[in-house]
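*Asks:* model26.cif (mmCIF, C-alpha atoms) pasted underneath:
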data_entry
loop_
_atom_site.label_atom_id
_atom_site.label_comp_id
_atom_site.auth_asym_id
_atom_site.auth_seq_id
_atom_site.Cartn_x
_atom_site.Cartn_y
_atom_site.Cartn_z
CA MET D 29 0.97 6.75 -5.12
CA GLU D 30 -2.18 5.97 -3.15
CA ASP D 31 -0.01 5.96 -0.01
CA LEU D 32 0.38 9.74 -0.32
CA LEU D 33 -3.41 10.16 -0.16
CA ARG D 34 -3.62 7.86 2.85
CA GLN D 35 -0.83 9.79 4.61
CA GLN D 36 -2.67 13.05 3.87
CA ILE D 37 -5.92 11.71 5.36
CA GLU D 38 -4.21 10.13 8.34
CA LYS D 39 -2.68 13.43 9.38
CA ILE D 40 -6.24 14.16 10.52
CA VAL D 41 -8.08 10.82 10.93
CA LYS D 42 -6.87 7.24 11.22
CA LEU D 43 -8.31 4.68 8.78
CA THR D 44 -8.35 0.92 8.79
CA ASP D 45 -7.20 -0.82 5.61
CA GLU D 46 -10.85 -1.59 4.82
CA GLU D 47 -11.88 2.04 5.33
CA PHE D 48 -9.07 3.28 3.10
CA ALA D 49 -10.01 0.75 0.42
CA PHE D 50 -13.57 2.14 0.61
CA VAL D 51 -12.25 5.72 0.36
CA LEU D 52 -10.27 4.80 -2.77
CA THR D 53 -13.44 3.61 -4.53
CA HIS D 54 -14.58 7.24 -4.53
CA PHE D 55 -11.42 8.61 -6.18
CA THR D 56 -10.11 8.40 -9.74
CA GLN D 57 -6.49 8.79 -10.85
CA ARG D 58 -5.65 11.09 -13.75
CA GLN D 59 -2.45 12.27 -15.40
CA PHE D 60 -2.01 15.68 -17.00
CA LYS D 61 0.77 17.03 -19.22
CA LYS D 62 2.63 20.28 -18.65
CA HIS D 63 0.50 23.25 -19.85
CA GLN D 64 -2.67 21.10 -19.91
CA TYR D 65 -5.76 22.64 -18.35
CA VAL D 66 -7.36 20.78 -15.48
CA VAL D 67 -10.17 23.35 -15.21
CA GLN D 68 -11.06 26.12 -17.64
CA GLY D 69 -13.19 29.12 -16.77
CA GLY D 70 -16.69 28.84 -18.19
CA ASN D 71 -16.70 25.02 -18.03
CA ALA D 72 -17.92 22.68 -15.34
CA ALA D 73 -15.48 21.96 -12.50
CA PRO D 74 -16.97 18.93 -10.73
CA ASN D 75 -13.74 17.59 -9.19
CA ASP D 76 -11.37 18.35 -6.35
CA TYR D 77 -7.82 17.27 -7.19
CA PHE D 78 -5.22 15.86 -4.81
CA VAL D 79 -1.73 16.26 -6.27
CA LEU D 80 0.40 13.11 -6.19
CA LYS D 81 3.20 14.51 -8.35
CA GLY D 82 3.64 17.75 -10.22
CA LEU D 83 2.75 21.42 -9.89
CA LEU D 84 -0.36 23.38 -10.84
CA LYS D 85 -1.58 26.96 -10.65
CA SER D 86 -5.06 28.35 -10.16
CA PHE D 87 -5.67 31.73 -11.74
CA TYR D 88 -8.26 34.24 -12.83
CA LEU D 89 -8.08 36.28 -16.04
CA ASP D 90 -9.58 39.75 -15.68
CA GLU D 91 -11.33 41.64 -18.48
CA SER D 92 -8.04 43.08 -19.73
CA GLY D 93 -6.49 39.59 -19.91
CA LYS D 94 -4.25 40.08 -16.88
CA MET D 95 -3.57 36.89 -14.94
CA HIS D 96 -4.16 36.87 -11.18
CA ILE D 97 -2.73 33.75 -9.52
CA LEU D 98 -4.74 32.57 -6.54
CA GLN D 99 -2.96 29.37 -5.66
CA PHE D 100 -0.22 26.93 -6.50
CA ALA D 101 -0.57 23.24 -5.69
CA MET D 102 2.27 20.76 -5.46
CA GLU D 103 2.56 17.25 -4.07
CA ASP D 104 0.28 16.58 -1.08
CA TRP D 105 -1.90 19.66 -1.80
CA TRP D 106 -5.49 19.98 -3.04
CA ILE D 107 -6.77 22.26 -5.81
CA SER D 108 -10.11 23.08 -7.41
CA ASP D 109 -12.42 25.98 -8.19
CA PRO D 110 -14.25 25.81 -4.83
CA GLN D 111 -17.23 27.89 -5.93
CA ALA D 112 -17.86 25.83 -9.04
CA TYR D 113 -17.12 22.55 -7.25
CA HIS D 114 -19.40 23.03 -4.25
CA ASN D 115 -22.19 24.93 -6.03
CA LYS D 116 -22.08 22.82 -9.20
CA THR D 117 -21.74 25.96 -11.31
CA LEU D 118 -19.39 26.89 -14.13
CA ALA D 119 -15.79 27.66 -13.22
CA THR D 120 -14.58 31.23 -12.86
CA LEU D 121 -11.01 30.04 -12.30
CA ASN D 122 -8.55 28.28 -14.57
CA ILE D 123 -6.20 25.56 -13.34
CA ASP D 124 -3.30 24.43 -15.47
CA CYS D 125 -0.22 22.29 -15.04
CA LEU D 126 3.21 23.84 -14.67
CA GLU D 127 4.76 20.36 -14.77
CA ASP D 128 3.57 16.93 -15.82
CA THR D 129 1.12 16.10 -13.05
CA SER D 130 -0.43 13.03 -11.49
CA THR D 131 -3.60 13.45 -9.43
CA MET D 132 -6.34 11.63 -7.64
CA TYR D 133 -9.65 13.42 -7.83
CA ILE D 134 -13.04 13.14 -6.21
CA SER D 135 -16.28 14.49 -7.63
CA ILE D 136 -18.60 16.49 -5.41
CA ASP D 137 -21.20 13.70 -5.66
CA ASN D 138 -18.67 11.06 -4.60
CA ARG D 139 -17.42 13.30 -1.81
CA GLU D 140 -20.95 13.74 -0.48
CA LYS D 141 -21.58 9.98 -0.65
CA LEU D 142 -18.25 9.22 1.02
CA CYS D 143 -18.89 11.70 3.83
CA ALA D 144 -22.40 10.32 4.40
CA ASP D 145 -21.07 6.76 4.60
CA LEU D 146 -17.85 7.39 6.54
CA LYS D 147 -18.08 10.20 9.10
CA LYS D 148 -14.30 10.20 9.52
CA MET D 149 -14.04 11.55 5.99
CA GLU D 150 -16.63 14.22 6.66
CA TYR D 151 -14.43 15.38 9.54
CA PHE D 152 -11.32 15.18 7.33
CA PHE D 153 -12.85 17.36 4.58
CA MET D 154 -14.20 19.82 7.15
CA LYS D 155 -10.70 20.23 8.63
CA LYS D 156 -9.10 20.62 5.16
CA THR D 157 -11.72 23.17 4.10
CA THR D 158 -11.23 25.15 7.30
CA ALA D 159 -7.45 25.16 6.81
CA GLY D 160 -7.99 26.41 3.25
CA TYR D 161 -10.20 29.26 4.42
CA ILE D 162 -7.63 30.26 7.02
CA ALA D 163 -4.84 30.25 4.41
CA LEU D 164 -6.99 32.34 2.07
CA GLN D 165 -7.70 34.85 4.83
CA ARG D 166 -3.97 35.13 5.56
CA ARG D 167 -3.26 35.65 1.87
CA ILE D 168 -5.91 38.38 1.48
CA LEU D 169 -4.70 40.21 4.58
CA SER D 170 -1.13 39.95 3.33
CA LEU D 171 -2.08 41.47 -0.03
CA MET D 172 -4.00 44.25 1.70
CA SER D 173 -1.55 45.18 4.41
CA GLN D 174 2.01 44.07 3.62
CA LYS D 175 4.63 45.69 1.45
CA ALA D 176 5.95 43.76 -1.56
CA ASP D 177 9.19 42.74 0.16
CA GLU D 178 7.25 41.47 3.21
CA ARG D 179 4.98 39.37 0.98
CA TYR D 180 8.04 37.97 -0.83
CA HIS D 181 9.81 37.01 2.41
CA GLN D 182 6.62 35.46 3.75
CA PHE D 183 6.25 33.44 0.53
CA ILE D 184 9.81 32.09 0.65
CA SER D 185 9.51 31.22 4.34
CA LEU D 186 6.21 29.39 3.83
CA TYR D 187 7.04 27.71 0.51
CA PRO D 188 10.82 27.48 0.02
CA SER D 189 10.60 24.52 -2.36
CA LEU D 190 8.15 26.34 -4.64
CA LEU D 191 10.62 29.13 -5.29
CA GLN D 192 12.93 26.62 -7.03
CA ARG D 193 10.13 25.27 -9.23
CA LEU D 194 8.42 28.48 -10.37
CA PRO D 195 9.41 31.08 -12.95
CA LYS D 196 9.87 34.53 -11.41
CA ALA D 197 7.00 35.92 -13.49
CA LEU D 198 4.54 33.54 -11.80
CA VAL D 199 5.89 34.30 -8.32
CA ALA D 200 5.51 38.01 -9.08
CA SER D 201 1.93 37.51 -10.28
CA TYR D 202 1.08 35.54 -7.14
CA LEU D 203 2.56 38.31 -4.97
CA GLY D 204 0.73 41.01 -6.92
CA ILE D 205 3.92 42.76 -8.06
CA SER D 206 5.82 43.24 -11.30
CA ARG D 207 8.67 40.95 -12.28
CA GLU D 208 11.04 43.91 -12.06
CA THR D 209 9.98 44.60 -8.46
CA LEU D 210 10.49 40.92 -7.63
CA SER D 211 13.98 40.99 -9.15
CA ARG D 212 14.82 44.08 -7.12
CA ILE D 213 13.61 42.70 -3.76
CA SER D 214 14.97 39.18 -4.30
CA ALA D 215 18.44 40.62 -5.02
CA VAL D 216 18.59 42.29 -1.61
#
Output the file's structure as structure tokens, nothing else.
*Replies:*
Amino acid sequence: MEDLLRQQIEKIVKLTDEEFAFVLTHFTQRQFKKHQYVVQGGNAAPNDYFVLKGLLKSFYLDESGKMHILQFAMEDWWISDPQAYHNKTLATLNIDCLEDTSTMYISIDNREKLCADLKKMEYFFMKKTTAGYIALQRRILSLMSQKADERYHQFISLYPSLLQRLPKALVASYLGISRETLSRISAV
């Protein structure tokens, strides 16, 4: 399982065996069951999770109780409440498991220590954070400017394997449309 983390890191920076062993000392493995919360709004969210196996969703509940899905995370993806994680504040997002999930996580304190001690990892996290911001910008622009069917086709072209693993109601929530609209556009 640790090999997946090493492969993820080495897409950006190469590590010696000794460096990777040092990196691992800053991570902790944790298993979660389907429907278990990883982060709950209003609680601390001191960890950033790397998904080894499983599927999670990050979402916000508005005042009326409506769920707004911000992100899914499957194998080889990262997930957290970035605001709470980096600012050491209480979470505004919820993260729960859609499948039994295995993760490796790093606390913000361990991440800061790791980056101070191994500059390669500082570069790695900077590149991952930048990629996340770019993806978020694309998502926001998509929600603001694309029609529902365009967002759906973009989703299936970017994440074809997710479509097989997610209930239609969650895909619809992520796309900002009703389940009925999703059924109509996916049938075309």
*Asks:* Please evaluate the PyMOL selection byres ((chain D and resi 210) around 12) against the displayed coordinates and give the resulting residues as a list of chain:residue names.
*Replies:* D:Lys175, D:Ala176, D:Asp177, D:Glu178, D:Arg179, D:Tyr180, D:His181, D:Phe183, D:Pro195, D:Lys196, D:Ala197, D:Leu198, D:Val199, D:Ala200, D:Ser201, D:Tyr202, D:Leu203, D:Gly204, D:Ile205, D:Ser206, D:Arg207, D:Glu208, D:Thr209, D:Ser211, D:Arg212, D:Ile213, D:Ser214, D:Ala215, D:Val216
*Asks:* Pick from D:Met132, D:Leu126, D:Leu98, D:Leu84: nearest to Gln57 (chain D), with all atoms listed in the file counted?
*Replies:* D:Met132
*Asks:* Which one is closest to Lys42 (chain D): D:Ala163, D:His54, D:Met149, D:Met172? Count all atoms listed in the file.
*Replies:* D:Met149
*Asks:* Quick one: residues within 12 Å of Gln36 (chain D), only C-alpha atoms counted, chain neighbours fewer than 5 positions away excluded, as a compact mmCIF listing (two decimals) with C-alpha atoms, in the frame of the given file?
*Replies:*
# COMPACT_ATOMS: atom_id res chain seq x y z
CA MET D 29 0.97 6.75 -5.12
CA GLU D 30 -2.18 5.97 -3.15
CA ASP D 31 -0.01 5.96 -0.01
CA VAL D 41 -8.08 10.82 10.93
CA LYS D 42 -6.87 7.24 11.22
CA LEU D 43 -8.31 4.68 8.78
CA PHE D 48 -9.07 3.28 3.10
CA PHE D 78 -5.22 15.86 -4.81
CA VAL D 79 -1.73 16.26 -6.27
CA LEU D 80 0.40 13.11 -6.19
CA GLU D 103 2.56 17.25 -4.07
CA ASP D 104 0.28 16.58 -1.08
CA TRP D 105 -1.90 19.66 -1.80
CA TRP D 106 -5.49 19.98 -3.04
CA MET D 149 -14.04 11.55 5.99
CA PHE D 152 -11.32 15.18 7.33
CA PHE D 153 -12.85 17.36 4.58
CA LYS D 155 -10.70 20.23 8.63
CA LYS D 156 -9.10 20.62 5.16
*Asks:* Report the distance between CA of Tyr187 (chain D) and CA of Glu150 (chain D) in Å, rounded to one decimal place.
*Replies:* 27.9 Å
*Asks:* So which residues touch Leu89 (chain D) within 12 Å, counting all atoms listed in the file, skipping near sequence neighbours fewer than 2 positions away, as a ChimeraX atom specification?
*Replies:* /D:68-70,86-87,91-98,119-123,201
*Asks:* Just give me the gap between CA of Lys85 (chain D) and CA of Gln99 (chain D) in Å, one decimal is fine.
*Replies:* 5.7 Å
*Asks:* Which one is closest to Thr56 (chain D): D:Arg139, D:Arg167, D:Lys116, D:Arg193? Count all atoms listed in the file.
*Replies:*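 Among D:Arg139, D:Arg167, D:Lys116, D:Arg193, it is D:Arg139 that comes nearest to Thr56 (chain D).
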*Asks:* Between D:Thr117, D:Ile168, D:Ala49, D:Val67, which has the minimum distance to Tyr88 (chain D) (counting only C-alpha atoms)?
*Replies:* D:Val67
*Asks:* Could you please determine the separation between CA of Leu194 (chain D) and CA of Thr131 (chain D) in Å, to one decimal place?
*Replies:*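 Computing it gives 19.3 Å between the two atoms.
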*Asks:* Pick the closest to Tyr161 (chain D) from D:Pro110, D:Phe50, D:Asp128, D:Glu140: which is it, counting all atoms listed in the file?
*Replies:*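 Closest candidate: D:Pro110.
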*Asks:* From the options D:Ala144, D:Ala112, D:Leu169, D:Leu191, which residue's atoms come nearest to Ala72 (chain D), counting only C-alpha atoms?
*Replies:*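 Smallest distance to Ala72 (chain D) is found for D:Ala112.
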*Asks:* Convert the output of the PyMOL selection byres ((chain D and resi 129) around 7) on the shown file into explicit residues, formatted as a ChimeraX atom specification.
*Replies:* /D:59-61,81-83,125,127-128,130-131
